[in-house]
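Participant: This one is my_file.csv, CSV, C-alpha atoms and all ligand atoms.
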chain,number,residue,atom,x,y,z
A,1,MET,CA,209.8,41.9,-78.6
A,2,ILE,CA,209.3,38.8,-80.8
A,3,ASN,CA,209.1,39.6,-84.5
A,4,VAL,CA,208.2,37.2,-87.4
A,5,THR,CA,211.9,36.7,-87.9
A,6,LYS,CA,215.3,37.6,-86.4
A,7,THR,CA,218.3,37.9,-88.6
A,8,PHE,CA,221.0,35.3,-87.7
A,9,LEU,CA,224.3,37.1,-87.2
A,10,PRO,CA,227.5,35.1,-87.2
A,11,PRO,CA,230.2,35.9,-84.6
A,12,LYS,CA,231.6,39.3,-85.5
A,13,GLU,CA,235.2,38.1,-85.3
A,14,GLU,CA,234.5,35.5,-87.9
A,15,TYR,CA,232.9,38.1,-90.2
A,16,GLU,CA,235.8,40.4,-89.6
A,17,ALA,CA,238.4,37.7,-90.3
A,18,ILE,CA,236.8,37.2,-93.7
A,19,LEU,CA,236.5,40.9,-94.4
A,20,ASN,CA,240.2,41.2,-93.6
A,21,ARG,CA,240.9,39.2,-96.7
A,22,ALA,CA,239.1,41.9,-98.8
A,23,TRP,CA,241.1,44.6,-97.0
A,24,ASP,CA,244.4,42.7,-97.7
A,25,ALA,CA,243.5,42.4,-101.3
A,26,GLY,CA,242.4,46.1,-101.4
A,27,TRP,CA,239.3,45.0,-103.5
A,28,ILE,CA,235.7,45.3,-102.3
A,29,THR,CA,233.6,44.8,-105.4
A,30,ASN,CA,233.7,43.7,-109.1
A,31,ARG,CA,233.8,40.0,-108.4
A,32,GLY,CA,236.6,39.8,-105.9
A,33,LEU,CA,237.9,36.6,-104.3
A,34,LEU,CA,235.0,36.5,-101.7
A,35,VAL,CA,232.2,36.6,-104.2
A,36,LYS,CA,233.9,33.9,-106.2
A,37,GLU,CA,234.4,31.8,-103.2
A,38,LEU,CA,230.9,32.2,-102.0
A,39,GLU,CA,229.6,31.2,-105.4
A,40,GLU,CA,231.7,28.0,-105.4
A,41,LYS,CA,230.6,27.1,-101.8
A,42,LEU,CA,227.0,27.7,-102.6
A,43,LYS,CA,227.2,25.6,-105.8
A,44,SER,CA,228.5,22.7,-103.9
A,45,TYR,CA,226.3,23.2,-100.8
A,46,LEU,CA,223.1,23.4,-103.0
A,47,GLU,CA,224.3,21.0,-105.7
A,48,VAL,CA,223.5,23.3,-108.6
A,49,PRO,CA,225.6,23.5,-111.8
A,50,ASN,CA,225.7,27.3,-112.2
A,51,LEU,CA,225.1,30.1,-109.7
A,52,LEU,CA,225.7,33.8,-110.0
A,53,ALA,CA,225.7,35.9,-106.8
A,54,THR,CA,223.8,39.2,-107.1
A,55,THR,CA,223.2,42.4,-105.1
A,56,ASN,CA,219.6,41.5,-104.2
A,57,GLY,CA,216.8,39.0,-105.1
A,58,THR,CA,214.8,41.4,-107.3
A,59,LEU,CA,217.3,42.3,-110.1
A,60,PRO,CA,217.7,38.5,-110.9
A,61,ILE,CA,214.0,38.3,-111.8
A,62,GLN,CA,214.3,41.3,-114.1
A,63,ILE,CA,217.5,39.9,-115.6
A,64,ALA,CA,215.9,36.5,-116.1
A,65,LEU,CA,213.0,38.1,-118.0
A,66,LYS,CA,215.5,40.1,-120.1
A,67,ALA,CA,217.8,37.2,-120.8
A,68,LEU,CA,215.0,34.9,-121.9
A,69,GLY,CA,213.7,37.7,-124.2
A,70,ILE,CA,210.3,37.7,-122.5
A,71,SER,CA,207.7,40.2,-123.8
A,72,GLY,CA,203.9,40.5,-123.8
A,73,GLU,CA,202.1,38.5,-121.2
A,74,VAL,CA,203.6,36.6,-118.3
A,75,ILE,CA,201.5,34.2,-116.3
A,76,THR,CA,202.1,34.6,-112.6
A,77,THR,CA,200.8,34.2,-109.1
A,78,PRO,CA,198.9,36.8,-107.1
A,79,PHE,CA,200.2,35.3,-103.8
A,80,SER,CA,203.8,36.3,-103.4
A,81,TYR,CA,206.0,39.3,-102.4
A,82,VAL,CA,205.4,42.4,-104.6
A,83,ALA,CA,208.8,41.9,-106.4
A,84,THR,CA,207.3,39.0,-108.4
A,85,THR,CA,204.8,41.3,-110.1
A,86,SER,CA,206.7,44.6,-110.1
A,87,CYS,CA,209.6,43.0,-112.1
A,88,ILE,CA,207.2,41.9,-114.8
A,89,VAL,CA,205.7,45.4,-115.1
A,90,TRP,CA,209.2,47.0,-114.8
A,91,GLU,CA,210.3,44.9,-117.8
A,92,GLY,CA,207.4,46.2,-119.8
A,93,CYS,CA,205.4,43.0,-119.7
A,94,THR,CA,201.9,42.4,-118.5
A,95,PRO,CA,201.2,40.2,-115.5
A,96,VAL,CA,198.4,37.7,-116.0
A,97,PHE,CA,197.3,36.3,-112.7
A,98,VAL,CA,196.3,32.7,-112.2
A,99,ASP,CA,194.7,31.8,-108.9
A,100,ILE,CA,196.5,29.6,-106.3
A,101,HIS,CA,196.0,26.1,-104.9
A,102,PRO,CA,194.0,26.4,-101.6
A,103,GLU,CA,196.4,24.1,-99.7
A,104,PHE,CA,199.8,24.4,-101.3
A,105,LEU,CA,199.4,28.2,-101.9
A,106,THR,CA,201.4,28.0,-105.1
A,107,ILE,CA,200.0,28.8,-108.5
A,108,ASP,CA,197.2,26.5,-109.5
A,109,GLU,CA,198.6,24.6,-112.5
A,110,SER,CA,195.2,23.4,-113.5
A,111,ARG,CA,194.2,26.9,-114.3
A,112,ILE,CA,197.3,28.0,-116.2
A,113,GLU,CA,196.2,26.8,-119.7
A,114,ASP,CA,193.0,28.9,-119.6
A,115,ALA,CA,195.1,32.0,-119.1
A,116,ILE,CA,197.4,31.4,-122.1
A,117,THR,CA,196.9,33.6,-125.1
A,118,GLU,CA,199.0,34.2,-128.2
A,119,LYS,CA,200.8,37.0,-126.3
A,120,THR,CA,201.9,34.7,-123.5
A,121,SER,CA,205.7,34.1,-123.4
A,122,ALA,CA,206.5,32.9,-119.9
A,123,ILE,CA,205.3,31.6,-116.6
A,124,LEU,CA,206.8,33.3,-113.5
A,125,ALA,CA,205.7,31.4,-110.4
A,126,THR,CA,206.8,31.5,-106.8
A,127,HIS,CA,207.8,28.6,-104.6
A,128,VAL,CA,205.9,30.3,-101.9
A,129,PHE,CA,207.2,29.7,-98.3
A,130,GLY,CA,209.7,27.3,-99.9
A,131,ASN,CA,206.8,25.0,-101.0
A,132,PRO,CA,207.5,23.8,-104.5
A,133,CYS,CA,205.1,24.7,-107.3
A,134,ASN,CA,203.9,21.7,-109.3
A,135,VAL,CA,207.1,21.9,-111.4
A,136,GLU,CA,206.3,18.8,-113.5
A,137,ALA,CA,202.9,20.0,-114.6
A,138,ILE,CA,204.2,23.5,-115.3
A,139,GLU,CA,207.1,22.1,-117.3
A,140,GLU,CA,204.7,20.1,-119.4
A,141,ILE,CA,202.4,23.1,-120.0
A,142,ALA,CA,205.4,25.2,-120.9
A,143,VAL,CA,206.8,22.7,-123.4
A,144,ARG,CA,203.3,22.3,-125.0
A,145,HIS,CA,202.9,26.0,-125.5
A,146,GLY,CA,206.5,27.0,-126.1
A,147,LEU,CA,206.8,29.1,-122.9
A,148,LYS,CA,209.7,29.9,-120.7
A,149,VAL,CA,209.6,29.1,-117.0
A,150,ILE,CA,211.1,31.3,-114.3
A,151,TYR,CA,210.8,30.5,-110.6
A,152,ASP,CA,210.9,33.2,-108.0
A,153,ALA,CA,212.7,30.9,-105.5
A,154,ALA,CA,213.4,33.7,-103.0
A,155,HIS,CA,212.1,31.4,-100.2
A,156,ALA,CA,213.6,28.2,-101.5
A,157,PHE,CA,217.2,28.2,-100.3
A,158,GLY,CA,218.1,24.7,-99.2
A,159,VAL,CA,214.8,23.1,-100.4
A,160,ASN,CA,215.2,19.8,-102.3
A,161,TYR,CA,212.5,18.3,-104.4
A,162,LYS,CA,212.6,14.7,-105.6
A,163,GLY,CA,216.2,14.4,-104.8
A,164,THR,CA,217.6,17.6,-106.3
A,165,SER,CA,217.7,21.3,-105.4
A,166,LEU,CA,214.4,23.0,-106.2
A,167,PHE,CA,216.6,25.6,-107.9
A,168,ASN,CA,217.3,23.1,-110.7
A,169,TYR,CA,213.7,23.3,-112.0
A,170,GLY,CA,212.6,25.8,-114.7
A,171,ASP,CA,214.7,27.7,-117.2
A,172,VAL,CA,215.9,30.1,-114.4
A,173,SER,CA,215.5,30.2,-110.7
A,174,THR,CA,216.2,33.3,-108.6
A,175,CYS,CA,216.8,33.6,-104.9
A,176,SER,CA,217.0,36.3,-102.3
A,177,PHE,CA,219.6,36.6,-99.6
A,178,HIS,CA,217.9,39.5,-97.9
A,179,ALA,CA,218.4,39.7,-94.1
A,180,THR,CA,214.9,38.3,-93.5
A,181,LYS,CA,215.5,35.2,-95.5
A,182,VAL,CA,216.8,31.8,-94.3
A,183,PHE,CA,220.3,32.4,-95.7
A,184,HIS,CA,221.4,36.0,-96.0
A,185,THR,CA,224.1,38.4,-97.0
A,186,GLY,CA,222.3,41.5,-95.6
A,187,GLU,CA,221.1,42.4,-99.0
A,188,GLY,CA,221.8,39.9,-101.8
A,189,GLY,CA,220.6,37.2,-104.0
A,190,ALA,CA,221.4,34.7,-106.8
A,191,ILE,CA,220.5,33.4,-110.2
A,192,ILE,CA,220.6,29.7,-110.9
A,193,CYS,CA,220.4,28.3,-114.4
A,194,SER,CA,221.6,25.0,-115.8
A,195,ASP,CA,222.0,26.1,-119.4
A,196,PRO,CA,225.6,27.4,-119.7
A,197,ASP,CA,224.8,29.6,-122.7
A,198,LEU,CA,221.9,31.3,-121.0
A,199,MET,CA,224.0,31.7,-117.9
A,200,LYS,CA,226.6,33.6,-120.0
A,201,THR,CA,224.0,36.0,-121.2
A,202,ILE,CA,222.8,36.4,-117.6
A,203,PHE,CA,226.3,37.1,-116.5
A,204,TYR,CA,226.8,39.9,-119.0
A,205,HIS,CA,223.4,41.4,-118.2
A,206,HIS,CA,224.3,41.6,-114.5
A,207,ASN,CA,227.5,43.6,-115.1
A,208,PHE,CA,226.4,46.4,-117.5
A,209,GLY,CA,226.9,44.1,-120.5
A,210,HIS,CA,230.7,44.3,-120.1
A,211,ASP,CA,232.7,41.8,-122.1
A,212,GLY,CA,236.1,43.0,-120.8
A,213,GLN,CA,236.8,46.6,-120.1
A,214,GLU,CA,236.2,48.0,-123.6
A,215,ARG,CA,233.9,45.6,-125.3
A,216,TYR,CA,230.2,45.1,-124.7
A,217,PHE,CA,228.1,42.0,-125.2
A,218,GLY,CA,224.8,43.9,-125.2
A,219,LEU,CA,222.5,45.7,-122.8
A,220,GLY,CA,223.2,45.3,-119.1
A,221,ILE,CA,222.4,46.5,-115.6
A,222,ASN,CA,224.4,46.5,-112.4
A,223,ALA,CA,223.4,43.6,-110.1
A,224,LYS,CA,226.9,42.7,-108.8
A,225,MET,CA,227.3,41.4,-105.3
A,226,SER,CA,230.0,43.2,-103.3
A,227,GLU,CA,232.8,41.6,-101.3
A,228,LEU,CA,231.2,43.0,-98.1
A,229,GLN,CA,228.0,41.1,-98.8
A,230,ALA,CA,229.9,38.0,-99.8
A,231,ALA,CA,231.8,38.1,-96.5
A,232,MET,CA,228.5,37.9,-94.6
A,233,GLY,CA,227.5,34.9,-96.7
A,234,LEU,CA,230.8,33.1,-96.1
A,235,ALA,CA,230.4,33.8,-92.4
A,236,MET,CA,226.9,32.3,-92.5
A,237,MET,CA,227.8,29.1,-94.4
A,238,PRO,CA,229.3,27.1,-91.4
A,239,TYR,CA,226.0,27.7,-89.5
A,240,MET,CA,223.5,26.7,-92.1
A,241,ASN,CA,223.0,23.1,-91.0
A,242,ASP,CA,222.4,24.2,-87.4
A,243,ILE,CA,220.1,27.0,-88.5
A,244,PHE,CA,218.0,24.5,-90.5
A,245,ALA,CA,217.9,22.1,-87.5
A,246,GLU,CA,216.8,24.9,-85.1
A,247,ARG,CA,214.1,26.1,-87.5
A,248,LYS,CA,212.8,22.6,-87.8
A,249,ARG,CA,212.6,22.4,-84.0
A,250,VAL,CA,210.3,25.5,-84.1
A,251,VAL,CA,208.2,24.1,-86.9
A,252,ASP,CA,207.9,20.7,-85.1
A,253,TYR,CA,206.8,22.6,-82.0
A,254,TYR,CA,204.1,24.5,-83.8
A,255,ASN,CA,202.9,21.4,-85.6
A,256,ALA,CA,202.5,19.6,-82.3
A,257,TYR,CA,201.1,22.3,-80.1
A,258,LEU,CA,198.9,24.5,-82.3
A,259,THR,CA,196.0,22.3,-81.7
A,260,SER,CA,193.1,24.6,-82.5
A,261,GLU,CA,190.9,23.1,-85.2
A,262,ASN,CA,190.2,26.5,-86.6
A,263,ILE,CA,193.7,26.7,-88.1
A,264,GLN,CA,194.7,25.5,-91.5
A,265,LYS,CA,198.4,24.8,-91.8
A,266,LEU,CA,200.6,24.8,-94.9
A,267,ARG,CA,200.5,21.6,-96.9
A,268,ILE,CA,203.9,20.8,-98.1
A,269,ARG,CA,204.1,19.0,-101.5
A,270,GLU,CA,205.0,15.4,-101.3
A,271,GLY,CA,208.7,14.7,-102.3
A,272,THR,CA,209.9,17.9,-100.7
A,273,ASP,CA,212.8,18.2,-98.3
A,274,TRP,CA,211.6,21.5,-96.9
A,275,ASN,CA,213.7,24.4,-95.4
A,276,SER,CA,211.3,25.5,-92.6
A,277,SER,CA,211.4,29.0,-93.9
A,278,TYR,CA,208.0,30.3,-92.8
A,279,TYR,CA,205.1,29.1,-90.6
A,280,PRO,CA,201.9,30.4,-92.1
A,281,ILE,CA,198.5,29.7,-90.5
A,282,ILE,CA,195.3,30.3,-92.3
A,283,LEU,CA,192.4,31.3,-90.0
A,284,GLU,CA,188.7,31.1,-90.6
A,285,SER,CA,188.1,34.8,-91.0
A,286,GLU,CA,189.9,38.1,-91.1
A,287,GLU,CA,188.1,38.9,-87.9
A,288,ASN,CA,189.8,36.0,-86.2
A,289,LEU,CA,193.1,37.2,-87.7
A,290,ASN,CA,192.7,40.7,-86.2
A,291,GLN,CA,191.7,39.2,-82.9
A,292,LEU,CA,194.9,37.1,-82.9
A,293,LEU,CA,197.0,40.0,-83.9
A,294,LEU,CA,195.7,42.0,-81.0
A,295,GLY,CA,196.3,39.2,-78.5
A,296,LEU,CA,199.8,38.6,-79.7
A,297,LYS,CA,200.6,42.4,-79.7
A,298,GLU,CA,199.7,42.5,-76.0
A,299,GLN,CA,202.6,40.2,-75.4
A,300,ASP,CA,204.8,42.2,-77.7
A,301,ILE,CA,204.7,39.5,-80.4
A,302,TYR,CA,204.5,40.6,-84.1
A,303,PRO,CA,203.7,38.0,-86.8
A,304,ARG,CA,203.4,39.3,-90.4
A,305,ARG,CA,200.6,39.2,-92.9
A,306,TYR,CA,202.5,37.4,-95.7
A,307,PHE,CA,201.1,38.0,-98.2
A,308,TYR,CA,198.6,40.8,-97.9
A,309,PRO,CA,197.3,42.5,-100.0
A,310,GLY,CA,197.4,40.2,-103.0
A,311,LEU,CA,199.5,41.3,-106.0
A,312,ASN,CA,196.4,41.6,-108.2
A,313,SER,CA,195.4,44.7,-106.2
A,314,MET,CA,198.6,46.7,-106.8
A,315,PRO,CA,197.7,50.3,-107.6
A,316,TYR,CA,199.4,50.2,-111.0
A,317,LEU,CA,197.2,47.3,-112.2
A,318,THR,CA,193.6,47.0,-113.0
A,319,GLU,CA,192.2,45.0,-110.1
A,320,GLU,CA,190.9,41.6,-110.9
A,321,SER,CA,189.5,39.3,-108.3
A,322,MET,CA,191.2,36.0,-107.5
A,323,LYS,CA,188.8,34.0,-105.5
A,324,VAL,CA,191.2,31.6,-103.6
A,325,SER,CA,194.1,34.0,-103.3
A,326,ASP,CA,192.0,37.0,-102.1
A,327,SER,CA,190.3,34.9,-99.5
A,328,ILE,CA,193.6,33.3,-98.1
A,329,SER,CA,195.4,36.6,-98.3
A,330,SER,CA,192.9,38.2,-95.9
A,331,ARG,CA,193.2,35.3,-93.4
A,332,ILE,CA,196.9,34.3,-93.4
A,333,LEU,CA,199.5,35.1,-90.8
A,334,CYS,CA,203.1,34.0,-90.6
A,335,LEU,CA,204.1,33.2,-87.0
A,336,PRO,CA,207.6,34.0,-85.6
A,337,LEU,CA,210.1,31.5,-86.9
A,338,TYR,CA,213.9,31.7,-86.4
A,339,ASP,CA,216.7,29.6,-85.0
A,340,SER,CA,216.9,31.2,-81.5
A,341,LEU,CA,213.2,31.2,-80.7
A,342,SER,CA,213.1,29.6,-77.2
A,343,THR,CA,210.7,26.9,-76.0
A,344,GLU,CA,209.4,29.4,-73.5
A,345,GLU,CA,208.6,31.9,-76.2
A,346,LEU,CA,207.0,29.2,-78.3
A,347,GLU,CA,204.8,28.2,-75.4
A,348,THR,CA,203.6,31.8,-75.0
A,349,ILE,CA,202.8,32.0,-78.8
A,350,ALA,CA,201.0,28.7,-78.9
A,351,LYS,CA,199.0,29.5,-75.8
A,352,ILE,CA,197.7,32.8,-77.2
A,353,VAL,CA,197.0,31.2,-80.6
A,354,ASN,CA,195.1,28.2,-79.1
A,355,GLN,CA,193.2,30.4,-76.7
A,356,THR,CA,192.2,33.0,-79.2
A,357,LEU,CA,191.0,30.5,-81.8
A,358,CYS,CA,189.5,27.9,-79.6
B,1,LIG,C1,212.3,38.7,-100.6
B,1,LIG,C2,211.6,38.4,-101.9
B,1,LIG,C3,212.0,39.0,-103.1
B,1,LIG,C4,212.9,40.1,-103.2
B,1,LIG,O1,214.2,39.9,-102.8
B,1,LIG,P1,215.1,41.1,-102.3
B,1,LIG,O2,216.4,40.4,-102.0
B,1,LIG,O3,214.5,41.7,-101.1
B,1,LIG,O4,215.3,42.0,-103.5
B,1,LIG,C5,211.4,38.5,-104.3
B,1,LIG,N1,210.4,37.6,-104.2
B,1,LIG,C6,210.0,37.0,-103.1
B,1,LIG,C7,208.9,36.0,-103.1
B,1,LIG,C8,210.5,37.5,-101.8
B,1,LIG,O5,210.1,37.0,-100.7
What does this structure look like when you write it as structure tokens?
Ligand SMILES: *Cc1c(COP(=O)(O)O)cnc(C)c1O

Facilitator:
Amino acid sequence: MINVTKTFLPPKEEYEAILNRAWDAGWITNRGLLVKELEEKLKSYLEVPNLLATTNGTLPIQIALKALGISGEVITTPFSYVATTSCIVWEGCTPVFVDIHPEFLTIDESRIEDAITEKTSAILATHVFGNPCNVEAIEEIAVRHGLKVIYDAAHAFGVNYKGTSLFNYGDVSTCSFHATKVFHTGEGGAIICSDPDLMKTIFYHHNFGHDGQERYFGLGINAKMSELQAAMGLAMMPYMNDIFAERKRVVDYYNAYLTSENIQKLRIREGTDWNSSYYPIILESEENLNQLLLGLKEQDIYPRRYFYPGLNSMPYLTEESMKVSDSISSRILCLPLYDSLSTEELETIAKIVNQTLC
């Protein structure tokens, strides 16, 4: 069976050797030595000034909204994983969707200003599939209207844009270290923010508001990463450069061998050093998509419909159509992409795709 992704697992002995350090210390959570070491290693690997490891990639979005004091309306994308929208609703705010760019698939910055009202307080956009939003245009709009910018950068681990980590754009960036993501800790995530004062608030928020054992800074929740998660992250780190190289090999293969003219491939924004995190293909119709799904299933190959349905159709919202996003969402498929995908497997996938869509 070939799935859309396959979790990279480091050699068990290496994971255990790191875990042994937690055993020796008799300390498995509450910011032990492994979490702190992982944070330091990630900061230098990614070249970001501040990074806080968290228990998943969803709580960071909620904490970012909380720490920035966001209320009222939040401008966001309909084309992302459900967490992007659910966090806005969970924090008592209203998501206001802005359609996406037809080739980059990120929020269409040219439509943002039309959606701004006096209730708007933030823009929460996703660097979907690791492809950067138009961060310069968004920053300019945000400055002009006094809005905060949060990036759901769950897909953006290792992406550089114009010479710096993509995580360095916006007021806050959040990442996911879920087992399906490029870099993972089983479950896990991070918050990245260059403002040290804001980072302090975020830090308190992620640990119940504790300021020492008996004092409280303010409201908080529990988003702490455990030592068991951090051990996985530390065991992954030495393999990341190889993982990126292998993923690029798969992407290069698809780029070269998916020759059908009936496929639209992802356009990566210029200036991006991409992380080969996903390989979406956009087909001409949902009918073609279903046909392809069937053909692949016969060979035990399971791509995923990232992202379908669009977030504007969530049952807890009043549905509102988004022309571009709705259309793409019904026709997009992410092909299998992971480090150990063999050339033989790639040949099989490409053959089925080309034959079905010829
Ligand atoms: C995976 C993902 C999340 C959620 O991350 P978790 O670690 O699973 O909580 C949020 N946003 C996007 C775009 C994602 O793909």

Participant: Within 6 Å of ligand LIG 1 (chain B), counting all atoms listed in the file: which residues, as a PyMOL selection string?

Facilitator: chain A and resi 56-58+80-81+83-84+152+154-155+176-178+187-189

Participant: Given only C-alpha atoms as the basis, pick out the residue of A:Cys358, A:Cys193, A:Ile123, A:Met232 nearest to Ile263 in chain A.

Facilitator: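 Smallest distance to Ile263 in chain A is found for A:Cys358.
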
Participant: Can you tell me which residues surround Ile107 in chain A at a distance of at most 8 Å, considering all atoms listed in the file, apart from same-chain residues fewer than 5 positions away, and format the answer as a tab-separated table (two decimals) with C-alpha atoms, keeping the file's coordinate frame?

Facilitator:
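Done, and the output landed in around.tsv:
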chain	number	residue	atom	x	y	z
A	76	THR	CA	202.10	34.60	-112.60
A	77	THR	CA	200.80	34.20	-109.10
A	98	VAL	CA	196.30	32.70	-112.20
A	99	ASP	CA	194.70	31.80	-108.90
A	100	ILE	CA	196.50	29.60	-106.30
A	101	HIS	CA	196.00	26.10	-104.90
A	125	ALA	CA	205.70	31.40	-110.40
A	126	THR	CA	206.80	31.50	-106.80
A	133	CYS	CA	205.10	24.70	-107.30

Participant: Compare A:Ser276, A:Lys265, A:Ser44, A:Val82 by their minimum atom-to-atom distance to Gly310 in chain A, counting all atoms listed in the file, and give me the closest one.

Facilitator: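 Closest candidate: A:Val82.
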
Participant: At what distance in Å, to one decimal, does CA of Arg267 in chain A lie from CA of Ile352 in chain A?

Facilitator: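 About the pair CA of Ile352 in chain A and CA of Arg267 in chain A: they are 22.8 Å apart.
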
Participant: Take CA of Ile141 in chain A and CA of Ile112 in chain A and report the distance between them in Å, one decimal.

Facilitator: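 Taking CA of Ile141 in chain A and CA of Ile112 in chain A, their separation equals 8.0 Å.
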
Participant: Find the residue from A:Thr272, A:Thr5, A:Asn312, A:Asn207 that sits nearest to Asn131 in chain A; use only C-alpha atoms when measuring.

Facilitator: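 Closest to Asn131 in chain A of all the choices is A:Thr272.
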
Participant: Between CA of His184 in chain A and CA of Val48 in chain A, what is the distance, to one decimal in Å?

Facilitator: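 Going from CA of His184 in chain A over to CA of Val48 in chain A covers 18.0 Å.
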
Participant: For Val172 in chain A, please output as a list of chain:residue names all residues within 7 Å (counting all atoms listed in the file; exclusion window: fewer than 3 positions along the same chain).

Facilitator: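 Near Val172 in chain A, the qualifying residues are A:Ala64, A:Val149, A:Ile150, A:Tyr151, A:Ile192, A:Cys193.
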
Participant: Here is a test: counting all atoms listed in the file, which residue of A:Asn160, A:Ser260, A:Asn50, A:Thr94 is nearest to Asn354 in chain A?

Facilitator: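 Among the listed residues, A:Ser260 lies closest to Asn354 in chain A.
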
Participant: Can you tell me which residues surround Ile28 in chain A at a distance of at most 10 Å, considering all atoms listed in the file, apart from same-chain residues fewer than 4 positions away, and format the answer as a VMD selection string?

Facilitator: chain A and resid 19 21 to 23 32 to 35 225 to 230

Participant: Could you check which residues have any atom within 10 Å of (213.5, 20.0, -94.0), counting all atoms listed in the file with coordinates taken straight from the file, and then list them as a PyMOL selection string?

Facilitator: chain A and resi 158-160+244-245+247-248+251+272-277

Participant: Output C-alpha atoms for every residue in the selection just made, as a PDB file, in the coordinates of the input.

Facilitator:
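The resulting out_35.pdb:
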ATOM      1  CA  GLY A 158     218.100  24.700 -99.200  1.00  0.00           C
ATOM      2  CA  VAL A 159     214.800  23.100-100.400  1.00  0.00           C
ATOM      3  CA  ASN A 160     215.200  19.800-102.300  1.00  0.00           C
ATOM      4  CA  PHE A 244     218.000  24.500 -90.500  1.00  0.00           C
ATOM      5  CA  ALA A 245     217.900  22.100 -87.500  1.00  0.00           C
ATOM      6  CA  ARG A 247     214.100  26.100 -87.500  1.00  0.00           C
ATOM      7  CA  LYS A 248     212.800  22.600 -87.800  1.00  0.00           C
ATOM      8  CA  VAL A 251     208.200  24.100 -86.900  1.00  0.00           C
ATOM      9  CA  THR A 272     209.900  17.900-100.700  1.00  0.00           C
ATOM     10  CA  ASP A 273     212.800  18.200 -98.300  1.00  0.00           C
ATOM     11  CA  TRP A 274     211.600  21.500 -96.900  1.00  0.00           C
ATOM     12  CA  ASN A 275     213.700  24.400 -95.400  1.00  0.00           C
ATOM     13  CA  SER A 276     211.300  25.500 -92.600  1.00  0.00           C
ATOM     14  CA  SER A 277     211.400  29.000 -93.900  1.00  0.00           C
TER      15      SER A 277
END

Participant: Which is closest to Thr343 in chain A among A:Thr356, A:Leu293, A:Tyr254, A:Glu319, if we use all atoms listed in the file?

Facilitator: A:Tyr254

Participant: For each of A:Pro102, A:Gly220, A:Gly69, A:Gly163, take the minimum atom-to-atom distance to Glu270 in chain A, counting only C-alpha atoms, then give the residue where this is smallest.

Facilitator: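 Looking at the shortest contact to Glu270 in chain A, the residue is A:Gly163.
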
Participant: Select, counting all atoms listed in the file, all protein, DNA and RNA residues no farther than 10 Å from (205.8, 46.2, -107.9) in file coordinates, and express the selection as a PDB file with C-alpha atoms, in the coordinates of the input.

Facilitator:
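This went into out05.pdb:
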ATOM      1  CA  TYR A  81     206.000  39.300-102.400  1.00  0.00           C
ATOM      2  CA  VAL A  82     205.400  42.400-104.600  1.00  0.00           C
ATOM      3  CA  ALA A  83     208.800  41.900-106.400  1.00  0.00           C
ATOM      4  CA  THR A  84     207.300  39.000-108.400  1.00  0.00           C
ATOM      5  CA  THR A  85     204.800  41.300-110.100  1.00  0.00           C
ATOM      6  CA  SER A  86     206.700  44.600-110.100  1.00  0.00           C
ATOM      7  CA  CYS A  87     209.600  43.000-112.100  1.00  0.00           C
ATOM      8  CA  ILE A  88     207.200  41.900-114.800  1.00  0.00           C
ATOM      9  CA  VAL A  89     205.700  45.400-115.100  1.00  0.00           C
ATOM     10  CA  TRP A  90     209.200  47.000-114.800  1.00  0.00           C
ATOM     11  CA  LEU A 311     199.500  41.300-106.000  1.00  0.00           C
ATOM     12  CA  MET A 314     198.600  46.700-106.800  1.00  0.00           C
ATOM     13  CA  PRO A 315     197.700  50.300-107.600  1.00  0.00           C
ATOM     14  CA  TYR A 316     199.400  50.200-111.000  1.00  0.00           C
ATOM     15  CA  LEU A 317     197.200  47.300-112.200  1.00  0.00           C
TER      16      LEU A 317
END

Participant: Determine, counting only C-alpha atoms, which protein, DNA and RNA residues have an atom within 10 Å of an atom of Tyr338 in chain A; residues of the same chain fewer than 2 positions away are not included. Present the result as a list in words.

Facilitator: Asn3, Val4, Thr5, Lys6, Thr7, Phe8, Thr180, Lys181, Val182, Ile243, Phe244, Glu246, Arg247, Lys248, Arg249, Val250, Val251, Ser276, Ser277, Tyr278, Leu335, Pro336, Ser340, Leu341 and Ser342 of chain A
